[in-house]
$ cat run_23.cif   # mmCIF, C-alpha atoms
data_work
loop_
_atom_site.label_atom_id
_atom_site.label_comp_id
_atom_site.auth_asym_id
_atom_site.auth_seq_id
_atom_site.Cartn_x
_atom_site.Cartn_y
_atom_site.Cartn_z
CA MET N 1 -31.58 88.49 99.77
CA ARG N 2 -33.95 87.14 97.21
CA LEU N 3 -32.99 83.64 98.37
CA GLY N 4 -34.98 82.37 101.35
CA ALA N 5 -35.19 79.23 103.48
CA ASN N 6 -38.43 77.65 104.63
CA LEU N 7 -37.97 76.92 108.33
CA THR N 8 -40.86 74.46 108.43
CA LEU N 9 -39.12 71.98 106.13
CA LEU N 10 -35.45 72.96 106.51
CA PHE N 11 -33.19 72.76 109.57
CA THR N 12 -35.63 70.44 111.32
CA GLU N 13 -32.67 68.87 113.11
CA VAL N 14 -33.26 71.59 115.72
CA PRO N 15 -36.40 73.19 117.23
CA LEU N 16 -38.04 75.99 115.27
CA LEU N 17 -36.65 78.78 117.43
CA GLU N 18 -33.10 77.53 116.74
CA ARG N 19 -33.67 77.31 112.98
CA PHE N 20 -33.38 81.09 112.55
CA GLN N 21 -29.73 80.97 113.59
CA ALA N 22 -29.12 77.73 111.68
CA ALA N 23 -30.38 79.41 108.51
CA ALA N 24 -28.22 82.46 109.15
CA ASP N 25 -25.17 80.26 109.73
CA ALA N 26 -25.86 78.55 106.39
CA GLY N 27 -25.81 81.90 104.57
CA PHE N 28 -29.52 82.76 104.41
CA LYS N 29 -30.60 86.29 105.26
CA THR N 30 -34.30 85.62 104.65
CA VAL N 31 -36.62 82.89 105.94
CA GLU N 32 -40.27 81.93 105.77
CA ILE N 33 -42.46 79.83 108.07
CA GLN N 34 -45.57 77.95 107.05
CA PHE N 35 -47.48 78.19 110.35
CA PRO N 36 -45.67 79.90 113.23
CA TYR N 37 -48.69 80.09 115.50
CA GLU N 38 -47.84 77.28 117.93
CA GLU N 39 -44.73 79.18 119.00
CA ASN N 40 -44.72 82.04 121.46
CA LEU N 41 -44.64 85.24 119.42
CA GLU N 42 -42.19 87.04 121.68
CA ALA N 43 -39.80 84.09 121.44
CA LEU N 44 -40.08 84.11 117.65
CA VAL N 45 -39.30 87.82 117.50
CA GLU N 46 -36.29 87.35 119.76
CA ALA N 47 -34.97 84.46 117.64
CA LYS N 48 -35.41 86.53 114.50
CA GLN N 49 -33.63 89.53 115.95
CA GLN N 50 -30.74 87.55 117.40
CA SER N 51 -30.11 85.73 114.12
CA GLY N 52 -30.37 88.88 111.99
CA VAL N 53 -32.60 87.27 109.37
CA ASN N 54 -35.80 88.69 107.86
CA VAL N 55 -39.09 86.79 107.68
CA CYS N 56 -40.60 87.25 104.22
CA LEU N 57 -43.79 85.14 104.41
CA ILE N 58 -46.14 83.17 106.66
CA ASN N 59 -49.37 81.31 105.91
CA VAL N 60 -52.78 82.25 107.22
CA PRO N 61 -53.93 79.51 109.65
CA ALA N 62 -55.58 76.66 107.75
CA ALA N 63 -57.37 74.72 110.51
CA ASP N 64 -57.16 70.96 109.89
CA LEU N 65 -55.79 71.13 106.33
CA MET N 66 -52.34 69.70 107.08
CA SER N 67 -53.84 66.73 108.92
CA GLY N 68 -56.09 65.76 106.00
CA GLY N 69 -59.13 67.94 106.62
CA GLU N 70 -60.85 70.54 104.48
CA GLY N 71 -58.93 73.48 105.85
CA LEU N 72 -60.46 76.89 106.26
CA ALA N 73 -60.43 79.42 103.43
CA CYS N 74 -62.81 77.64 101.05
CA VAL N 75 -65.14 75.93 103.51
CA PRO N 76 -68.77 77.12 103.70
CA GLY N 77 -69.77 78.02 107.24
CA LYS N 78 -66.22 78.79 108.41
CA GLU N 79 -66.15 82.42 107.30
CA ALA N 80 -66.08 83.77 110.87
CA GLU N 81 -63.23 81.42 111.74
CA PHE N 82 -61.34 82.66 108.71
CA GLU N 83 -61.78 86.26 109.84
CA GLN N 84 -60.32 85.32 113.23
CA ALA N 85 -57.42 83.66 111.42
CA LEU N 86 -56.74 86.90 109.57
CA GLN N 87 -56.56 88.78 112.86
CA GLN N 88 -54.04 86.27 114.22
CA THR N 89 -52.00 86.43 111.03
CA LEU N 90 -51.81 90.21 111.16
CA HIS N 91 -50.65 90.08 114.78
CA TYR N 92 -47.79 87.74 113.92
CA ALA N 93 -46.96 89.46 110.64
CA GLN N 94 -46.62 92.88 112.19
CA ALA N 95 -44.47 91.62 115.06
CA LEU N 96 -42.18 89.69 112.70
CA GLY N 97 -42.04 92.33 109.98
CA VAL N 98 -43.69 90.04 107.41
CA LYS N 99 -44.92 91.72 104.22
CA ARG N 100 -46.45 88.70 102.47
CA VAL N 101 -49.06 86.28 103.79
CA ASN N 102 -50.29 83.22 101.92
CA VAL N 103 -53.84 81.88 101.90
CA LEU N 104 -54.18 78.12 101.36
CA ALA N 105 -57.52 77.42 99.72
CA GLY N 106 -58.14 74.01 101.27
CA ARG N 107 -59.95 70.90 100.05
CA CYS N 108 -63.39 70.19 98.70
CA LEU N 109 -64.19 66.66 99.84
CA TYR N 110 -67.74 66.59 98.44
CA GLU N 111 -68.17 65.74 94.77
CA GLY N 112 -70.21 68.32 92.92
CA GLN N 113 -69.66 71.07 95.51
CA GLU N 114 -66.47 72.51 94.01
CA ALA N 115 -68.21 75.61 92.65
CA VAL N 116 -69.69 76.41 96.07
CA TYR N 117 -66.31 76.04 97.75
CA LEU N 118 -64.64 78.13 95.06
CA ASP N 119 -67.10 80.98 95.61
CA VAL N 120 -66.35 80.92 99.34
CA PHE N 121 -62.63 80.93 98.67
CA LYS N 122 -62.79 83.89 96.32
CA ARG N 123 -64.81 85.91 98.81
CA ASN N 124 -62.39 85.06 101.60
CA LEU N 125 -59.37 85.81 99.43
CA LYS N 126 -60.75 89.25 98.60
CA LYS N 127 -61.56 89.77 102.28
CA ALA N 128 -57.95 88.92 103.16
CA ALA N 129 -56.60 91.30 100.53
CA ASP N 130 -58.83 94.14 101.72
CA PHE N 131 -57.92 93.47 105.35
CA MET N 132 -54.14 93.34 104.80
CA GLN N 133 -53.84 96.17 102.28
CA PRO N 134 -53.92 99.09 104.80
CA HIS N 135 -51.02 97.39 106.58
CA ASN N 136 -48.97 97.14 103.37
CA ILE N 137 -49.04 93.33 103.46
CA LEU N 138 -49.43 91.50 100.15
CA VAL N 139 -51.78 88.51 100.01
CA THR N 140 -50.80 85.51 97.92
CA PHE N 141 -52.53 82.19 97.21
CA GLU N 142 -51.11 79.02 95.72
CA ALA N 143 -51.98 75.93 93.76
CA VAL N 144 -50.99 72.56 95.26
CA ASN N 145 -50.58 69.32 93.33
CA LEU N 146 -53.26 66.66 93.72
CA LYS N 147 -50.79 63.83 94.21
CA ASP N 148 -49.49 65.20 97.49
CA MET N 149 -52.77 66.78 98.58
CA PRO N 150 -55.78 65.09 96.96
CA SER N 151 -58.90 67.21 96.47
CA PHE N 152 -57.04 70.51 96.96
CA LEU N 153 -59.35 73.10 95.45
CA ILE N 154 -56.75 75.16 93.55
CA HIS N 155 -54.32 72.88 91.76
CA ASN N 156 -53.00 74.51 88.57
CA THR N 157 -51.80 77.80 87.15
CA GLU N 158 -54.85 78.27 84.95
CA GLN N 159 -57.10 78.34 88.01
CA MET N 160 -54.89 80.90 89.74
CA LEU N 161 -54.82 83.15 86.70
CA SER N 162 -58.59 82.89 86.34
CA ILE N 163 -59.15 83.89 89.97
CA MET N 164 -56.76 86.82 89.66
CA ALA N 165 -58.52 88.03 86.51
CA GLU N 166 -61.96 87.76 88.12
CA LEU N 167 -61.05 89.46 91.41
CA ASN N 168 -58.76 92.03 89.76
CA HIS N 169 -57.41 93.09 93.15
CA SER N 170 -54.21 95.10 93.45
CA ASN N 171 -53.26 93.31 96.68
CA ILE N 172 -53.52 89.72 95.42
CA LYS N 173 -50.80 87.76 93.61
CA MET N 174 -49.94 84.14 93.02
CA GLN N 175 -47.56 82.20 95.20
CA TYR N 176 -45.86 80.07 92.58
CA ASP N 177 -44.44 76.79 93.85
CA ILE N 178 -42.18 75.29 91.18
CA TYR N 179 -42.47 71.79 92.64
CA HIS N 180 -46.27 71.70 92.68
CA MET N 181 -46.69 73.31 89.27
CA GLN N 182 -44.10 71.15 87.53
CA ILE N 183 -46.18 68.15 88.63
CA MET N 184 -49.52 69.65 87.58
CA ASP N 185 -48.65 71.82 84.56
CA GLY N 186 -45.13 70.96 83.43
CA ASN N 187 -44.59 74.40 81.87
CA VAL N 188 -42.72 76.16 84.67
CA ASP N 189 -40.41 78.15 82.38
CA GLU N 190 -43.33 79.44 80.30
CA THR N 191 -45.32 80.56 83.34
CA LEU N 192 -42.34 82.29 84.92
CA THR N 193 -41.62 84.07 81.64
CA HIS N 194 -45.12 85.22 80.73
CA HIS N 195 -46.82 85.72 84.11
CA ALA N 196 -44.01 86.93 86.38
CA GLU N 197 -45.79 90.21 87.13
CA LYS N 198 -48.69 88.24 88.62
CA ILE N 199 -46.42 86.31 91.00
CA GLY N 200 -45.86 87.61 94.52
CA HIS N 201 -43.69 84.81 95.88
CA ILE N 202 -41.77 81.80 94.51
CA GLN N 203 -40.92 78.53 96.24
CA PHE N 204 -38.94 75.60 94.88
CA ALA N 205 -38.04 71.94 95.34
CA ASP N 206 -36.90 69.32 92.85
CA VAL N 207 -39.14 66.78 91.12
CA PRO N 208 -39.70 64.00 91.98
CA GLY N 209 -39.27 63.74 95.71
CA ARG N 210 -39.63 67.37 96.79
CA SER N 211 -35.98 67.43 97.80
CA GLU N 212 -33.12 69.84 97.16
CA PRO N 213 -32.11 71.08 93.69
CA LEU N 214 -29.93 68.59 91.77
CA SER N 215 -31.61 65.65 93.52
CA GLY N 216 -34.24 65.20 90.79
CA ASN N 217 -34.99 66.02 87.17
CA LEU N 218 -35.42 69.80 87.09
CA ASN N 219 -32.79 72.04 85.50
CA PHE N 220 -32.55 74.62 88.26
CA GLN N 221 -29.82 76.64 86.61
CA ARG N 222 -32.15 77.22 83.68
CA ILE N 223 -35.11 77.92 85.96
CA PHE N 224 -33.17 80.46 88.03
CA ASN N 225 -31.94 82.10 84.82
CA VAL N 226 -35.53 82.37 83.61
CA ILE N 227 -36.54 84.01 86.91
CA GLU N 228 -33.61 86.42 86.65
CA GLN N 229 -34.61 87.46 83.12
CA SER N 230 -38.29 87.84 84.01
CA HIS N 231 -40.14 90.75 85.60
CA TYR N 232 -40.22 89.01 88.98
CA HIS N 233 -38.31 90.83 91.71
CA GLY N 234 -39.46 89.11 94.90
CA PHE N 235 -38.18 86.31 97.09
CA VAL N 236 -37.28 82.81 95.89
CA SER N 237 -37.53 80.37 98.80
CA ALA N 238 -36.20 76.86 99.22
CA GLU N 239 -39.11 74.77 100.48
CA TYR N 240 -37.87 71.21 100.23
CA ARG N 241 -37.26 68.11 102.32
CA PRO N 242 -33.54 67.26 102.39
CA SER N 243 -33.03 63.95 100.59
CA GLN N 244 -30.65 62.62 103.24
CA GLY N 245 -32.54 64.13 106.16
CA ASN N 246 -29.78 66.60 106.99
CA THR N 247 -30.23 70.18 105.88
CA LYS N 248 -26.57 71.20 105.97
CA GLU N 249 -25.56 68.30 103.73
CA SER N 250 -28.39 69.14 101.32
CA LEU N 251 -27.11 72.66 100.61
CA GLN N 252 -24.44 71.68 98.09
CA TRP N 253 -26.61 73.15 95.33
CA MET N 254 -25.84 76.60 96.74
CA ASN N 255 -22.19 76.07 95.79
CA THR N 256 -22.84 74.29 92.49
CA LEU N 257 -25.38 76.63 90.89
CA ASP N 258 -24.81 80.25 89.89
CA LEU N 259 -26.93 82.14 92.42
CA LYS N 260 -25.57 85.66 91.97
CA PHE N 261 -28.93 87.25 91.26
CA LEU N 262 -30.50 85.41 94.20
CA MET N 263 -27.99 87.06 96.51
CA GLN N 264 -29.25 90.56 95.67
CA ILE N 265 -31.05 92.41 98.39
CA VAL N 266 -34.83 92.68 98.10
CA LYS N 267 -36.46 95.69 99.70
CA GLN N 268 -39.54 94.78 101.75
CA ASP N 269 -41.94 97.54 100.79
#
$ encode --input "run_23.cif" --output "structure tokens"
Amino acid sequence: MRLGANLTLLFTEVPLLERFQAAADAGFKTVEIQFPYEENLEALVEAKQQSGVNVCLINVPAADLMSGGEGLACVPGKEAEFEQALQQTLHYAQALGVKRVNVLAGRCLYEGQEAVYLDVFKRNLKKAADFMQPHNILVTFEAVNLKDMPSFLIHNTEQMLSIMAELNHSNIKMQYDIYHMQIMDGNVDETLTHHAEKIGHIQFADVPGRSEPLSGNLNFQRIFNVIEQSHYHGFVSAEYRPSQGNTKESLQWMNTLDLKFLMQIVKQD
């Protein structure tokens, strides 16, 4: 289906390997995982196969990014480490049948060095796209809001569009996170309408709070209608933190909103 569940943030009531089946039991046929690399790959493949779900996307390893560090993809001097991360990503992606991998730019923690870090990121992003293209794996990159992740190098849609225009690479698209971009840009509908062909993956959570749809201020019925009427034909993944801490109880939005178009099958090229 177009509709996916992020197993890093959802179904955390159980260990990761059990979340595949939990997602399937909740009606999802597609899942994504931020960083699956701490799990045994064979165990992940078995959990995927037993649950019958597809894995649509994983992130390229990002070093210390999630613990407050600079990360990997934009950091000068870490180019060799990034190349090793690409090798690991490909290994997991091929085993899990993943056709989209996301590159997180990382942080620039040194004032005045943003241009240097941006040059490194663009070179690494192109390197990732070249590396994954023969394997028919699309490379995406995303902007992250500065409230949740201060100093993140790529933090708005304008930056993503500028990078795409400069690199002009057929195997690079934006990963568009509705939650992050509503905070930073506030023009989600406009971006989804006018730049859908540049988007390779969509994620969503409500604002504020990064919880499930209908918990905040966003009109998700309108947003989903905009996606349906756009030229975007990829996956739309729920990447939120359940407001009450229980994933099953947070899924009421799936019954309240009209999700017919999200239930259509997406062919993984």
$ resolve_selection --input "run_23.cif" --expression "the PyMOL selection byres ((chain N and resi 100) around 12)" --output "VMD selection string"
chain N and resid 31 to 34 54 to 60 89 to 90 92 to 94 96 to 99 101 to 103 128 to 129 132 to 133 135 to 141 171 to 175 199 to 202 234 to 235 268 to 269
$ resolve_selection --input "run_23.cif" --expression "the PyMOL selection byres ((chain N and resi 76) around 8)" --output "ChimeraX atom specification"
/N:74-75,77-79,116-117,120
$ closest_residue --input "run_23.cif" --among "N:Val14, N:Leu109, N:Ala73, N:Met254" --to "Phe121 (chain N)" --atoms "all atoms listed in the file"
N:Ala73
$ closest_residue --input "run_23.cif" --among "N:Leu214, N:Leu65, N:Met1, N:Ala238" --to "Thr30 (chain N)" --atoms "all atoms listed in the file"
N:Met1
$ atom_distance --input "run_23.cif" --atom1 "CA of Glu81 (chain N)" --atom2 "CA of Gly68 (chain N)"
18.1 Å
$ atom_distance --input "run_23.cif" --atom1 "CA of Asp119 (chain N)" --atom2 "CA of Ala85 (chain N)"
18.7 Å
$ atom_distance --input "run_23.cif" --atom1 "CA of Gly4 (chain N)" --atom2 "CA of Gly27 (chain N)"
9.7 Å
$ residues_around --input "run_23.cif" --residues "Ala62 (chain N)" --least-positions-apart "6" --cutoff "8 Å" --atoms "all atoms listed in the file" --output "NGL selection string"
:N and (71-73 or 104 or 106)
$ resolve_selection --input "run_23.cif" --expression "the PyMOL selection byres ((chain N and resi 155) around 6)" --output "mmCIF file with C-alpha atoms, in the coordinates of the input"
data_model
loop_
_atom_site.group_PDB
_atom_site.id
_atom_site.type_symbol
_atom_site.label_atom_id
_atom_site.label_comp_id
_atom_site.auth_asym_id
_atom_site.auth_seq_id
_atom_site.Cartn_x
_atom_site.Cartn_y
_atom_site.Cartn_z
ATOM 1 C CA ALA N 143 -51.980 75.930 93.760
ATOM 2 C CA VAL N 144 -50.990 72.560 95.260
ATOM 3 C CA ASN N 145 -50.580 69.320 93.330
ATOM 4 C CA ILE N 154 -56.750 75.160 93.550
ATOM 5 C CA ASN N 156 -53.000 74.510 88.570
#
$ closest_residue --input "run_23.cif" --among "N:Gln87, N:Thr193, N:Thr12, N:Asn6" --to "Gln229 (chain N)" --atoms "all atoms listed in the file"
N:Thr193
$ residues_around --input "run_23.cif" --residues "Pro208 (chain N)" --least-positions-apart "6" --cutoff "9 Å" --atoms "only C-alpha atoms" --output "list in words"
Tyr179, Ile183, Ser215, Gly216, Asn217 and Leu218 of chain N
$ closest_residue --input "run_23.cif" --among "N:Leu7, N:Ser51, N:Arg2, N:Gln182" --to "Gln21 (chain N)" --atoms "all atoms listed in the file"
N:Ser51
$ closest_residue --input "run_23.cif" --among "N:Glu228, N:Glu18, N:Glu39, N:Glu239" --to "Tyr176 (chain N)" --atoms "only C-alpha atoms"
N:Glu239
$ closest_residue --input "run_23.cif" --among "N:Asn187, N:Asn246, N:Gln264, N:Asn168" --to "Leu125 (chain N)" --atoms "all atoms listed in the file"
N:Asn168
$ decode --input "run_23.cif" --residues "region 151-179 of chain N" --atoms "N, CA and C atoms" --output "CSV table (one decimal), in the first residue's frame"
chain,number,residue,atom,x,y,z
N,151,SER,N,20.8,23.2,14.6
N,151,SER,CA,22.0,23.2,13.8
N,151,SER,C,21.9,22.1,12.7
N,152,PHE,N,20.8,21.5,12.4
N,152,PHE,CA,20.7,20.6,11.3
N,152,PHE,C,21.0,21.3,10.0
N,153,LEU,N,21.8,20.8,9.2
N,153,LEU,CA,22.3,21.6,8.0
N,153,LEU,C,21.2,21.9,7.0
N,154,ILE,N,20.3,20.9,6.7
N,154,ILE,CA,19.3,21.1,5.7
N,154,ILE,C,18.0,21.2,6.5
N,155,HIS,N,17.3,22.4,6.5
N,155,HIS,CA,16.2,22.6,7.4
N,155,HIS,C,15.0,23.2,6.7
N,156,ASN,N,14.9,23.3,5.4
N,156,ASN,CA,13.7,23.9,4.7
N,156,ASN,C,13.6,23.4,3.3
N,157,THR,N,12.5,23.5,2.7
N,157,THR,CA,12.2,23.0,1.4
N,157,THR,C,13.1,23.8,0.3
N,158,GLU,N,13.3,25.1,0.5
N,158,GLU,CA,14.1,25.8,-0.4
N,158,GLU,C,15.5,25.3,-0.6
N,159,GLN,N,16.1,24.9,0.5
N,159,GLN,CA,17.4,24.3,0.5
N,159,GLN,C,17.4,23.0,-0.3
N,160,MET,N,16.4,22.1,0.0
N,160,MET,CA,16.3,20.9,-0.8
N,160,MET,C,16.1,21.1,-2.2
N,161,LEU,N,15.3,22.0,-2.6
N,161,LEU,CA,15.1,22.3,-4.0
N,161,LEU,C,16.3,22.8,-4.7
N,162,SER,N,17.1,23.6,-4.0
N,162,SER,CA,18.3,24.2,-4.5
N,162,SER,C,19.4,23.1,-4.7
N,163,ILE,N,19.5,22.2,-3.8
N,163,ILE,CA,20.4,21.1,-3.9
N,163,ILE,C,20.0,20.2,-5.1
N,164,MET,N,18.8,19.9,-5.2
N,164,MET,CA,18.3,19.1,-6.3
N,164,MET,C,18.6,19.7,-7.7
N,165,ALA,N,18.4,21.0,-7.8
N,165,ALA,CA,18.6,21.8,-9.0
N,165,ALA,C,20.1,21.8,-9.4
N,166,GLU,N,21.0,21.9,-8.3
N,166,GLU,CA,22.4,22.0,-8.6
N,166,GLU,C,22.9,20.6,-9.0
N,167,LEU,N,22.6,19.6,-8.3
N,167,LEU,CA,23.1,18.2,-8.6
N,167,LEU,C,22.4,17.6,-9.8
N,168,ASN,N,21.2,17.9,-10.0
N,168,ASN,CA,20.5,17.5,-11.2
N,168,ASN,C,20.7,16.0,-11.5
N,169,HIS,N,20.5,15.2,-10.5
N,169,HIS,CA,20.8,13.8,-10.6
N,169,HIS,C,19.4,13.0,-10.6
N,170,SER,N,19.4,12.1,-11.6
N,170,SER,CA,18.1,11.3,-11.8
N,170,SER,C,17.8,10.4,-10.7
N,171,ASN,N,18.8,10.1,-9.8
N,171,ASN,CA,18.5,9.2,-8.7
N,171,ASN,C,18.5,9.8,-7.3
N,172,ILE,N,18.2,11.1,-7.3
N,172,ILE,CA,18.0,11.9,-6.0
N,172,ILE,C,16.7,12.5,-6.0
N,173,LYS,N,15.9,12.3,-4.9
N,173,LYS,CA,14.7,13.1,-4.7
N,173,LYS,C,14.6,13.5,-3.2
N,174,MET,N,13.6,14.3,-2.9
N,174,MET,CA,13.4,14.8,-1.6
N,174,MET,C,12.7,13.7,-0.8
N,175,GLN,N,13.0,13.6,0.5
N,175,GLN,CA,12.1,12.9,1.4
N,175,GLN,C,11.4,14.1,2.1
N,176,TYR,N,10.1,14.1,2.0
N,176,TYR,CA,9.3,15.3,2.5
N,176,TYR,C,8.6,14.9,3.7
N,177,ASP,N,9.0,15.4,4.9
N,177,ASP,CA,8.4,15.1,6.1
N,177,ASP,C,7.4,16.3,6.5
N,178,ILE,N,6.1,16.0,6.5
N,178,ILE,CA,5.1,17.0,6.7
N,178,ILE,C,5.3,17.7,8.0
N,179,TYR,N,5.6,16.9,9.1
N,179,TYR,CA,5.8,17.5,10.4
N,179,TYR,C,6.9,18.5,10.4
